[in-house]
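See below for work01.txt, which holds compact mmCIF, C-alpha atoms.
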```
# COMPACT_ATOMS: atom_id res chain seq x y z
CA MET A 1364 198.45 267.14 85.58
CA ILE A 1365 200.73 264.51 87.09
CA ASP A 1366 204.38 264.87 86.17
CA PRO A 1367 205.48 261.49 84.68
CA THR A 1368 209.08 262.15 85.68
CA VAL A 1369 208.24 262.20 89.40
CA HIS A 1370 207.78 258.96 91.33
CA ILE A 1371 207.56 257.63 94.85
CA VAL A 1372 210.03 254.72 94.84
CA GLY A 1373 209.25 253.68 98.37
CA GLU A 1374 208.33 255.17 101.71
CA GLY A 1375 210.62 258.12 102.29
CA ILE A 1376 212.18 258.03 98.80
CA HIS A 1377 211.05 260.58 96.18
CA LYS A 1378 212.37 260.18 92.61
CA ASP A 1379 212.70 262.91 89.97
CA ILE A 1380 213.89 261.65 86.55
CA GLN A 1381 216.28 264.01 84.76
CA TYR A 1382 217.05 261.77 81.75
CA PRO A 1383 214.87 258.70 81.12
CA GLY A 1384 217.47 256.17 80.03
CA LYS A 1385 217.08 253.52 77.35
CA GLY A 1386 215.03 250.39 76.90
CA PRO A 1387 212.68 248.58 79.27
CA LEU A 1388 213.24 248.42 82.99
CA PRO A 1389 215.75 245.58 83.59
CA THR A 1390 215.02 242.52 85.69
CA PHE A 1391 216.86 242.95 88.98
CA LYS A 1392 217.64 239.44 90.17
CA LYS A 1393 219.97 238.72 93.06
CA ASP A 1394 223.59 239.45 92.06
CA THR A 1395 222.60 241.96 89.39
CA LYS A 1396 225.36 244.57 89.30
CA ALA A 1397 224.57 248.29 88.92
CA ILE A 1398 227.44 250.59 87.93
CA PHE A 1399 226.82 254.29 88.45
CA HIS A 1400 228.22 257.69 89.35
CA PHE A 1401 226.60 259.63 92.16
CA ARG A 1402 226.53 262.99 93.84
CA THR A 1403 225.28 263.34 97.40
CA TYR A 1404 223.81 266.57 98.77
CA VAL A 1405 222.38 267.63 102.11
CA ASN A 1406 218.76 268.70 101.71
CA ASP A 1407 219.40 271.92 103.64
CA GLY A 1408 218.01 274.48 101.20
CA HIS A 1409 221.47 275.02 99.69
CA ARG A 1410 222.04 271.47 98.41
CA THR A 1411 225.42 271.33 100.11
CA LEU A 1412 227.59 268.83 98.22
CA LEU A 1413 229.00 265.97 100.29
CA ASP A 1414 230.47 263.56 97.73
CA ASP A 1415 230.96 263.32 93.97
CA SER A 1416 232.15 259.93 92.67
CA ARG A 1417 233.41 261.58 89.47
CA SER A 1418 236.25 263.07 91.47
CA TRP A 1419 237.35 259.54 92.47
CA ASP A 1420 239.05 256.82 90.45
CA GLU A 1421 236.01 254.94 89.21
CA PRO A 1422 232.21 254.69 89.43
CA PHE A 1423 230.44 252.87 92.24
CA GLU A 1424 229.45 249.22 91.78
CA LEU A 1425 226.52 247.80 93.73
CA VAL A 1426 225.71 244.07 93.66
CA LEU A 1427 222.07 243.67 94.62
CA GLY A 1428 220.66 241.23 97.12
CA HIS A 1429 223.44 241.24 99.74
CA GLU A 1430 221.98 243.44 102.51
CA PHE A 1431 223.77 246.61 101.41
CA GLN A 1432 224.09 249.04 104.30
CA LEU A 1433 222.19 251.84 102.48
CA THR A 1434 218.86 250.28 101.54
CA ALA A 1435 217.70 253.48 99.82
CA TRP A 1436 220.27 252.90 97.08
CA GLU A 1437 219.06 249.34 96.49
CA GLN A 1438 215.50 250.64 96.11
CA ALA A 1439 216.62 253.54 93.92
CA VAL A 1440 218.71 251.40 91.59
CA ARG A 1441 215.89 248.90 91.06
CA SER A 1442 213.79 251.72 89.55
CA MET A 1443 216.39 252.79 86.95
CA ARG A 1444 217.36 252.02 83.35
CA PRO A 1445 220.85 252.16 81.78
CA GLY A 1446 221.66 255.74 80.79
CA GLU A 1447 219.11 257.19 83.20
CA ARG A 1448 219.85 260.10 85.51
CA ALA A 1449 217.56 260.62 88.47
CA ILE A 1450 217.50 262.57 91.71
CA PHE A 1451 216.33 260.77 94.83
CA THR A 1452 215.31 262.81 97.85
CA CYS A 1453 215.40 260.59 100.92
CA SER A 1454 213.97 261.06 104.38
CA ALA A 1455 216.34 261.17 107.34
CA GLU A 1456 215.37 257.60 108.18
CA LYS A 1457 216.14 256.36 104.66
CA SER A 1458 219.45 258.27 104.70
CA ILE A 1459 220.73 256.27 107.67
CA GLY A 1460 223.78 254.32 106.64
CA TYR A 1461 225.22 256.93 104.30
CA THR A 1462 227.59 258.36 106.91
CA LYS A 1463 229.32 255.00 107.37
CA LEU A 1464 229.35 254.32 103.61
CA SER A 1465 230.79 257.72 102.77
CA LYS A 1466 233.51 257.41 105.43
CA THR A 1467 234.53 254.03 104.01
CA LEU A 1468 234.68 255.35 100.43
CA ARG A 1469 236.61 258.46 101.46
CA ASP A 1470 239.09 256.42 103.49
CA ILE A 1471 239.69 254.16 100.48
CA GLN A 1472 240.36 257.16 98.24
CA LYS A 1473 242.64 258.74 100.82
CA GLN A 1474 244.75 255.57 101.08
CA LYS A 1475 244.93 255.25 97.29
CA LYS A 1476 246.44 258.72 97.10
CA ASP A 1477 248.67 258.33 100.15
CA LYS A 1478 249.50 254.86 101.48
CA ASP A 1479 250.74 256.44 104.72
CA ALA A 1480 247.51 258.37 105.28
CA VAL A 1481 246.17 258.18 108.83
CA ILE A 1482 242.61 256.82 108.90
CA ARG A 1483 240.63 257.75 111.98
CA LYS A 1484 238.61 254.90 113.46
CA SER A 1485 235.62 255.33 115.73
CA CYS A 1486 236.05 253.75 119.15
CA CYS A 1487 234.60 253.64 122.63
CA GLY A 1488 231.13 254.55 121.31
CA SER A 1489 232.41 257.69 119.57
CA GLN A 1490 230.27 258.93 116.67
CA THR A 1491 233.12 260.95 115.16
CA THR A 1492 234.03 259.91 111.62
CA GLY A 1493 237.07 262.13 111.13
CA TYR A 1494 235.15 264.17 108.52
CA ASP A 1495 233.43 267.30 109.86
CA ASP A 1496 230.72 267.41 107.19
CA LEU A 1497 229.73 263.78 107.78
CA ASP A 1498 229.53 264.35 111.53
CA LYS A 1499 226.86 267.00 110.91
CA ILE A 1500 224.37 265.06 108.74
CA THR A 1501 222.86 262.79 111.37
CA GLY A 1502 219.08 263.18 111.29
CA LYS A 1503 219.08 265.12 108.00
CA GLN A 1504 217.53 264.37 104.64
CA LEU A 1505 219.93 263.58 101.82
CA ILE A 1506 219.64 263.96 98.06
CA PHE A 1507 221.29 261.42 95.75
CA GLU A 1508 221.84 262.24 92.09
CA ILE A 1509 222.52 258.94 90.32
CA ASP A 1510 223.79 258.45 86.74
CA MET A 1511 223.20 254.81 85.81
CA LEU A 1512 226.06 253.78 83.51
CA SER A 1513 225.24 250.09 83.09
CA ILE A 1514 223.32 247.21 84.61
CA GLN A 1515 224.86 243.74 84.35
CA GLN A 1516 222.96 240.54 84.96
CA PRO A 1517 224.47 237.59 86.87
CA GLY A 1518 226.82 235.70 84.55
CA GLU A 1519 227.63 238.81 82.52
CA TYR A 1520 230.48 239.85 84.82
CA LYS A 1521 233.15 238.23 86.95
CA LYS A 1522 231.74 237.80 90.44
CA GLU A 1523 233.43 239.40 93.40
CA VAL A 1524 234.67 236.90 95.97
CA TRP A 1525 232.33 238.16 98.68
CA THR A 1526 229.27 237.39 96.51
CA MET A 1527 230.38 233.78 95.82
CA SER A 1528 229.02 230.65 97.44
CA GLU A 1529 231.34 228.55 99.58
CA LYS A 1530 231.73 226.00 96.78
CA GLU A 1531 232.62 228.75 94.29
CA ARG A 1532 235.26 230.08 96.67
CA TYR A 1533 236.93 226.69 97.05
CA ASN A 1534 236.92 226.27 93.26
CA LEU A 1535 238.49 229.71 92.90
CA VAL A 1536 241.24 228.79 95.37
CA SER A 1537 242.08 225.76 93.21
CA ASP A 1538 242.04 227.85 90.02
CA LEU A 1539 244.26 230.53 91.57
CA ARG A 1540 246.78 227.92 92.68
CA GLN A 1541 246.99 226.52 89.15
CA GLN A 1542 247.28 230.00 87.65
CA GLY A 1543 250.01 230.86 90.13
CA ASN A 1544 251.92 227.70 89.19
CA GLN A 1545 251.72 228.62 85.51
CA PHE A 1546 252.98 232.14 86.19
CA PHE A 1547 255.81 230.67 88.29
CA LYS A 1548 256.89 228.37 85.44
CA GLN A 1549 256.97 231.44 83.19
CA ARG A 1550 259.10 233.20 85.83
CA ASN A 1551 256.38 235.82 86.19
CA PHE A 1552 256.87 235.91 89.96
CA GLU A 1553 254.83 239.04 90.60
CA SER A 1554 251.68 237.55 89.04
CA ALA A 1555 252.31 234.21 90.77
CA GLU A 1556 252.59 235.98 94.12
CA LYS A 1557 249.26 237.76 93.55
CA CYS A 1558 247.50 234.47 92.75
CA TYR A 1559 248.85 232.69 95.82
CA ALA A 1560 248.13 235.66 98.08
CA LYS A 1561 244.53 235.97 96.85
CA ALA A 1562 243.95 232.24 97.35
CA LEU A 1563 245.34 232.41 100.89
CA GLY A 1564 243.11 235.41 101.62
CA ILE A 1565 240.02 233.47 100.53
CA LEU A 1566 240.96 230.52 102.74
CA GLU A 1567 241.52 232.91 105.64
CA GLN A 1568 237.97 234.26 105.20
CA LEU A 1569 236.52 230.75 104.98
CA GLY A 1570 238.38 229.75 108.14
CA LEU A 1571 236.83 232.60 110.12
CA LYS A 1572 233.46 230.87 109.87
CA GLU A 1573 234.73 227.64 111.44
CA GLN A 1574 235.46 226.68 115.03
CA PRO A 1575 239.26 226.49 115.59
CA ASN A 1576 240.53 222.89 115.57
CA SER A 1577 237.26 221.58 114.16
CA GLU A 1578 237.43 219.17 111.22
CA GLU A 1579 236.41 221.89 108.77
CA TRP A 1580 238.94 224.38 110.19
CA ASN A 1581 241.75 221.83 110.02
CA ALA A 1582 240.88 221.03 106.40
CA ILE A 1583 241.21 224.72 105.52
CA GLU A 1584 244.52 225.00 107.37
CA ASP A 1585 245.82 222.00 105.42
CA LEU A 1586 244.80 223.64 102.14
CA LYS A 1587 246.98 226.62 103.04
CA ILE A 1588 250.18 224.51 103.24
CA PRO A 1589 250.93 224.08 99.51
CA LEU A 1590 249.99 227.70 98.85
CA LEU A 1591 252.31 228.93 101.61
CA LEU A 1592 255.10 226.75 100.25
CA ASN A 1593 254.61 228.12 96.74
CA TYR A 1594 254.35 231.69 98.01
CA SER A 1595 257.57 231.27 99.99
CA GLN A 1596 259.38 229.94 96.90
CA VAL A 1597 258.35 233.10 95.03
CA LYS A 1598 259.80 235.17 97.86
CA ILE A 1599 263.03 233.15 97.79
CA ASN A 1600 263.35 233.76 94.05
CA GLN A 1601 262.81 237.47 94.70
CA GLU A 1602 265.45 237.27 97.47
CA GLU A 1603 262.88 238.49 99.99
CA TYR A 1604 264.02 235.94 102.55
CA LEU A 1605 262.41 237.41 105.66
CA ASP A 1606 258.95 237.18 104.07
CA ALA A 1607 259.69 233.61 103.03
CA ILE A 1608 260.76 232.70 106.58
CA LYS A 1609 257.56 234.17 108.04
CA HIS A 1610 255.34 231.99 105.84
CA LEU A 1611 257.51 228.91 106.26
CA ASN A 1612 257.27 229.30 110.03
CA THR A 1613 253.50 228.98 109.61
CA VAL A 1614 253.94 225.81 107.54
CA LEU A 1615 256.34 224.20 110.00
CA LYS A 1616 254.28 225.14 113.03
CA ARG A 1617 251.46 223.07 111.58
CA ASP A 1618 253.66 220.38 110.01
CA PRO A 1619 257.09 220.31 111.74
CA VAL A 1620 258.41 217.52 109.50
CA ASN A 1621 257.44 219.10 106.19
CA ALA A 1622 260.58 218.48 104.09
CA LYS A 1623 259.86 221.23 101.55
CA GLY A 1624 259.24 223.66 104.39
CA LEU A 1625 262.51 222.77 106.11
CA TYR A 1626 264.48 222.93 102.85
CA ARG A 1627 263.10 226.35 101.87
CA ARG A 1628 263.46 227.81 105.35
CA ALA A 1629 267.08 226.60 105.49
CA VAL A 1630 267.71 228.36 102.16
CA SER A 1631 265.97 231.51 103.42
CA HIS A 1632 267.92 231.59 106.67
CA GLY A 1633 271.11 231.14 104.68
CA GLY A 1634 270.12 234.01 102.40
CA SER A 1635 269.50 236.18 105.46
CA TRP A 1636 272.83 235.10 107.05
CA ASN A 1637 270.99 233.48 109.94
CA VAL A 1638 273.72 230.87 110.07
CA ASP A 1639 272.73 228.95 113.21
CA GLU A 1640 269.08 228.76 112.16
CA ALA A 1641 270.04 227.61 108.66
CA ILE A 1642 272.26 224.83 110.02
CA ARG A 1643 269.52 223.67 112.39
CA ASP A 1644 267.07 223.41 109.49
CA TRP A 1645 269.53 221.54 107.26
CA GLU A 1646 270.24 219.09 110.07
CA GLU A 1647 266.53 218.64 110.77
CA LEU A 1648 265.89 218.05 107.06
CA ALA A 1649 268.55 215.30 107.06
CA ARG A 1650 266.86 213.68 110.07
CA VAL A 1651 263.34 213.92 108.62
CA ASP A 1652 264.36 212.81 105.12
CA PRO A 1653 267.60 210.77 105.15
CA SER A 1654 267.70 210.90 101.33
CA GLN A 1655 268.51 214.62 101.72
CA ALA A 1656 271.38 214.07 104.18
CA THR A 1657 274.16 214.41 101.59
CA LEU A 1658 272.64 217.57 100.16
CA ALA A 1659 272.16 219.03 103.65
CA GLU A 1660 275.78 218.33 104.57
CA LYS A 1661 276.94 219.93 101.32
CA ARG A 1662 274.82 223.06 101.92
CA ILE A 1663 276.12 223.41 105.48
CA THR A 1664 279.71 223.24 104.22
CA GLU A 1665 278.96 225.83 101.52
CA LEU A 1666 277.32 228.09 104.07
CA LEU A 1667 280.27 227.91 106.50
CA ASN A 1668 282.70 228.57 103.66
CA ASN A 1669 280.64 231.59 102.59
CA VAL A 1670 280.70 232.85 106.19
CA LYS A 1671 284.51 232.61 106.28
CA LEU A 1672 284.77 234.38 102.92
CA ARG A 1673 282.43 237.11 104.09
CA GLU A 1674 284.42 237.63 107.31
CA LYS A 1675 287.64 237.80 105.29
CA GLU A 1676 286.16 240.41 102.95
CA GLU A 1677 284.85 242.42 105.89
CA LYS A 1678 288.30 242.42 107.55
CA ALA A 1679 289.88 243.59 104.30
CA ARG A 1680 287.30 246.35 103.97
CA LEU A 1681 287.84 247.55 107.53
CA LYS A 1682 291.61 247.41 107.09
CA GLY A 1683 291.33 249.65 104.05
CA MET A 1684 289.53 252.29 106.10
CA PHE A 1685 292.60 253.01 108.27
```
Mind turning the file's structure into C-alpha cells?
Amino acid sequence: MIDPTVHIVGEGIHKDIQYPGKGPLPTFKKDTKAIFHFRTYVNDGHRTLLDDSRSWDEPFELVLGHEFQLTAWEQAVRSMRPGERAIFTCSAEKSIGYTKLSKTLRDIQKQKKDKDAVIRKSCCGSQTTGYDDLDKITGKQLIFEIDMLSIQQPGEYKKEVWTMSEKERYNLVSDLRQQGNQFFKQRNFESAEKCYAKALGILEQLGLKEQPNSEEWNAIEDLKIPLLLNYSQVKINQEEYLDAIKHLNTVLKRDPVNAKGLYRRAVSHGGSWNVDEAIRDWEELARVDPSQATLAEKRITELLNNVKLREKEEKARLKGMF
C-alpha cells in the first residue's frame, strides 16, 4: 500500500509529511511569502543537527519567485499548507546552496548578539566558511524539517524593498521623505533619521544599476540632495556635528553653491569648533546668497566671541590646577 504521507516533490527531493496542515494547497504566485521554522540535518545515519531556526530570533521568511539560492526550499514550500510539518530529504545536488545560506544566517545572528563579532569572509578562492560543520557538508545529502507557520499572498503583507519594482522603490523614497519630515516636525528625530537613511539607501541601490554620470545616475544623485540636507539637520539637532559635516560635504561636492548646505555646514563646523572652516562657509554663504550676508557676519562675530570666551575659561581652569 502506498503511504499517502510520502511524496516525491521533484527530482532529488523526497517529502515525508509529519502533520498535514489545514485547508487546500495555496496558490503560490510570484511574491507569495512563506514563513516557517526549520531544522537542518546531515543525512549521515545520525541525523547530525546543523541549524535550528527556533534558537534564533524569528522564523525564516521566503518570498517566492526571486531566484532564491536554495531551489530545494522553493520546491518544498510550494508543496505545503499552513500548519503543515514535513521532512524533505534532498540529494547532494539539491542541497547545493545551503552552505552559503547557513553561513549568511549564522553571521546575521552572531552580529545581532555581538556587534563587534568578527565575521570570516571567504577570499582568494577559499572554500572555508568559518564554521567547521558547514565546511564538511559539501557533497552530502541534507534533511530539512520545515514547520509552515503561514503563507501570505502578494498584497497581504508589506513588501520588502528588494522585491519591489523600480517604480515602487521611487514611490517609497518619496513616502519616506514625507514621513521623515512629519517626524522631524514632531521633534521625533530618531524616527526621522531612520526614514531619511532608508530612503538614501534605496537611492544608493538604484544608482548602482546606472552608468556613472549618465542622465539616470545624475537624476538619482539629485534626488539624494534634499534627503542629505534633511538628514544633516537631524544630526545638527542631535549635536552630532561630524556626521552632519560628512553628509553636507557630499551635498556641496555635487552642488557647491547650495545655500542650505553651506549654512548647515557652517553651523556644524561651529559646533565642532572648526573655527576656520566655519568662517569660510559663512563667508561663502554671504557670497552665494547676498541676502544672508548680515546673518553670516553676525554668526562669525558670535563664533569669534565664543572662541575668546572659551579660551578665557580654559586659562582660568588651567590656572586653578596650579
Leaving out Lys1463 of chain A and any residue of its chain fewer than 6 positions from it, which residues lie within 9 Å of it when counting all atoms listed in the file, given as a ChimeraX atom specification? /A:1432,1492,1497
Need to verify the contact set: Ile1459 of chain A, 12 Å, only C-alpha atoms, exclusion of same-chain residues closer than 6 positions in sequence. Can you return it as a PyMOL selection string? chain A and resi 1375+1431-1436+1453+1465+1497+1500-1505
Please produce a file of those selected residues containing C-alpha atoms, as an mmCIF file, in the coordinates of the input.
```
data_model
loop_
_atom_site.group_PDB
_atom_site.id
_atom_site.type_symbol
_atom_site.label_atom_id
_atom_site.label_comp_id
_atom_site.auth_asym_id
_atom_site.auth_seq_id
_atom_site.Cartn_x
_atom_site.Cartn_y
_atom_site.Cartn_z
ATOM 1 C CA GLY A 1375 210.620 258.120 102.290
ATOM 2 C CA PHE A 1431 223.770 246.610 101.410
ATOM 3 C CA GLN A 1432 224.090 249.040 104.300
ATOM 4 C CA LEU A 1433 222.190 251.840 102.480
ATOM 5 C CA THR A 1434 218.860 250.280 101.540
ATOM 6 C CA ALA A 1435 217.700 253.480 99.820
ATOM 7 C CA TRP A 1436 220.270 252.900 97.080
ATOM 8 C CA CYS A 1453 215.400 260.590 100.920
ATOM 9 C CA SER A 1465 230.790 257.720 102.770
ATOM 10 C CA LEU A 1497 229.730 263.780 107.780
ATOM 11 C CA ILE A 1500 224.370 265.060 108.740
ATOM 12 C CA THR A 1501 222.860 262.790 111.370
ATOM 13 C CA GLY A 1502 219.080 263.180 111.290
ATOM 14 C CA LYS A 1503 219.080 265.120 108.000
ATOM 15 C CA GLN A 1504 217.530 264.370 104.640
ATOM 16 C CA LEU A 1505 219.930 263.580 101.820
#
```
Using only C-alpha atoms for the distances, tell me which of A:Asp1510, A:Glu1584, A:Asp1470, A:Glu1531 is nearest to Leu1563 of chain A. A:Glu1584
Interatomic distance (Å, one decimal) between atom CA of Ala1641 of chain A and atom CA of Ala1555 of chain A: 26.0 Å
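Minimum atom-to-atom distances from A:Phe1507, A:Trp1645, A:Phe1401, A:Phe1552 to Asn1593 of chain A were compared using all atoms listed in the file, and the lowest value belongs to A:Phe1552.
Atom CA of Thr1452 of chain A sits 20.9 Å away from atom CA of Leu1468 of chain A.
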Find the residues near Leu1586 of chain A: any atom within 12 Å, counting only C-alpha atoms, skip ones fewer than 2 places away on the same chain, and give them as number ranges by chain. A: 1533, 1536-1537, 1540, 1559, 1562-1567, 1569-1570, 1579-1584, 1588-1592, 1614, 1617
